[in-house]
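Everything on this sheet refers to the single structure shown next.
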Amino acid sequence: MHRHDTKSATSTPPPLTSPSTVIAVVDDDQALRDSLVWLLESVGLATYAFADGEAFLAAEYCEFGAVLLDVRMPGMSGLQVQQQLVDHHAALPVIMMTGHGDVPMAVAALKNGAFDFIEKPFNHQQLIDVVQQALGSAYAQRRVFQQQRLLQARYQSLRPKEQRIVAHVAEGMTSKEIAEHMQISGKTVEVYRLRAMKAMGAANLAELVRQAVALELVPALTADE
């Protein structure tokens, strides 16, 4: 099976045709890199390997679906690379690869938002399972992000008064209260509310309220409220 040449890891990776399913492997041990590339590609996962954290960060790392990142490397450590990803708000699942005695570092990585960690020597099936889970998590997060952007775009397309009515509905105000508050007729409130629901794709008032909460127009209730 064809494997990417890890010796060229410091060069710019080729364009990624399926960015959401391409795995980055970052480890200074070439034999391990080759082994991981072979393993992941054997189950149909495109893989690109990097010899160090600096090379990985110099690439278009946000286009990868997940990254297998060694904790201990010359130069930047895995934790330092992860911190760079956190600082740049990279929505990229990080799977830390740890050796014997590195569990405290792995725990620190988890606290900093890593998806998971896996200890060397690897159980092949366990590693594949963790990578697949990370890809699934990344896909779900992208879907949520895309839905949020769509919701925001729909809300921004509303007229200012329609936006206010959406917020007031989510605050629990009746049409009569909204009419008095905005100094418009109750009929106008109903017309604007129906327009807003149609534009937002809300099938009913409950869905409109959920959308308003998602847009943070009103605070979500906590369990003790």
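Going by the structure tokens order, chains are called A, B, ..., each with residues numbered from 1, while ligands are numbered from 1 in the order shown.
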
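Listed by chain and then by rising number, the residues of stretch 1-224 of chain A that DSSP assigns to strand (DSSP E or B) from the backbone are Ile23, Ala24, Val25, Val26, Thr47, Tyr48, Ala49, Phe50, Ala66, Val67, Leu68, Leu69, Asp70, Val94, Ile95, Met96, Met97, Thr98, Asp116, Phe117, Ile118 and Glu119 of chain A.
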
Residues within 10 Å of A:Arg154, only C-alpha atoms, excluding chain neighbours under 2 positions, as a VMD selection string: chain A and resid 148 to 152 156 to 158 196 198 to 201

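Distance annotation: of A:Gly53, A:Glu60, A:Glu190, A:Lys111, the residue with the minimal separation from A:Gln84 is A:Gly53; atom set is only C-alpha atoms.
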
Applying 12 Å and only C-alpha atoms, which residues near A:Ser175 remain after dropping the ones on its own chain fewer than 6 positions away? List them as a PyMOL selection string. chain A and resi 165-166+168-169+181-194+205

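By only C-alpha atoms, and with residues fewer than 4 positions from A:Val71 along its chain excluded, the set lying at most 7 Å from it is Ser77, Gly78, Leu79, Met96, Met97 and Thr98 of chain A.
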
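For the choices A:Gln133, A:Ala153, A:Arg210, A:Gly99, the atom-to-atom distance to A:Ala170 is smallest for A:Arg210 when using only C-alpha atoms.
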
Within 12 Å of A:Gln80, counting only C-alpha atoms, which residues qualify if same-chain residues fewer than 4 places away don't, as a list in words? Asp52, Gly53, Glu54, Leu57, Leu69, Asp70, Val71, Arg72, Met73, Pro74, Gly75, Met76, Gln84, Leu85, Val86, Asp87, Met96, Met105, Ala108, Ala109 and Asn112 of chain A

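With only C-alpha atoms as the basis for measurement, A:Ala66 is the residue among A:Leu45, A:Leu127, A:Ala66, A:Leu40 that approaches A:Tyr139 most closely.
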
Which of stretch 44-171 of chain A DSSP labels helix (DSSP H, G or I), written as a ChimeraX atom specification: /A:53-58,61-63,78-87,103-111,124-156,160-170

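You can rank A:Val81, A:Ala59, A:Val25, A:Ile118 by their closest distance to A:Thr47 using only C-alpha atoms, and at the top of that list sits A:Val25.
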
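Minimum atom-to-atom distances from A:Ala212, A:Met173, A:Ala134, A:Ala55 to A:Val22 were compared using only C-alpha atoms, and the lowest value belongs to A:Ala134.
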
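Picture a line from atom CA of A:Tyr61 to atom CA of A:Gln125; it runs 25.1 Å.
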
Shell of 7 Å around A:Val94, only C-alpha atoms, local chain residues under 3 positions omitted, as a list in words: Ala66, Val67, Leu68, Leu69, Ala114, Phe115 and Asp116 of chain A

How about saving the chosen residues, C-alpha atoms kept, as a PDB file, in the first residue's frame?
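Final file, again-v1.pdb:
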```
ATOM      1  CA  ALA A  66      -7.784  14.584  13.550  1.00  0.00           C
ATOM      2  CA  VAL A  67      -4.175  14.506  14.731  1.00  0.00           C
ATOM      3  CA  LEU A  68      -2.192  11.782  16.488  1.00  0.00           C
ATOM      4  CA  LEU A  69       0.331  13.792  18.492  1.00  0.00           C
ATOM      5  CA  ALA A 114      -7.536  16.852  23.935  1.00  0.00           C
ATOM      6  CA  PHE A 115      -9.993  14.275  22.627  1.00  0.00           C
ATOM      7  CA  ASP A 116      -8.217  11.248  24.098  1.00  0.00           C
TER       8      ASP A 116
END
```
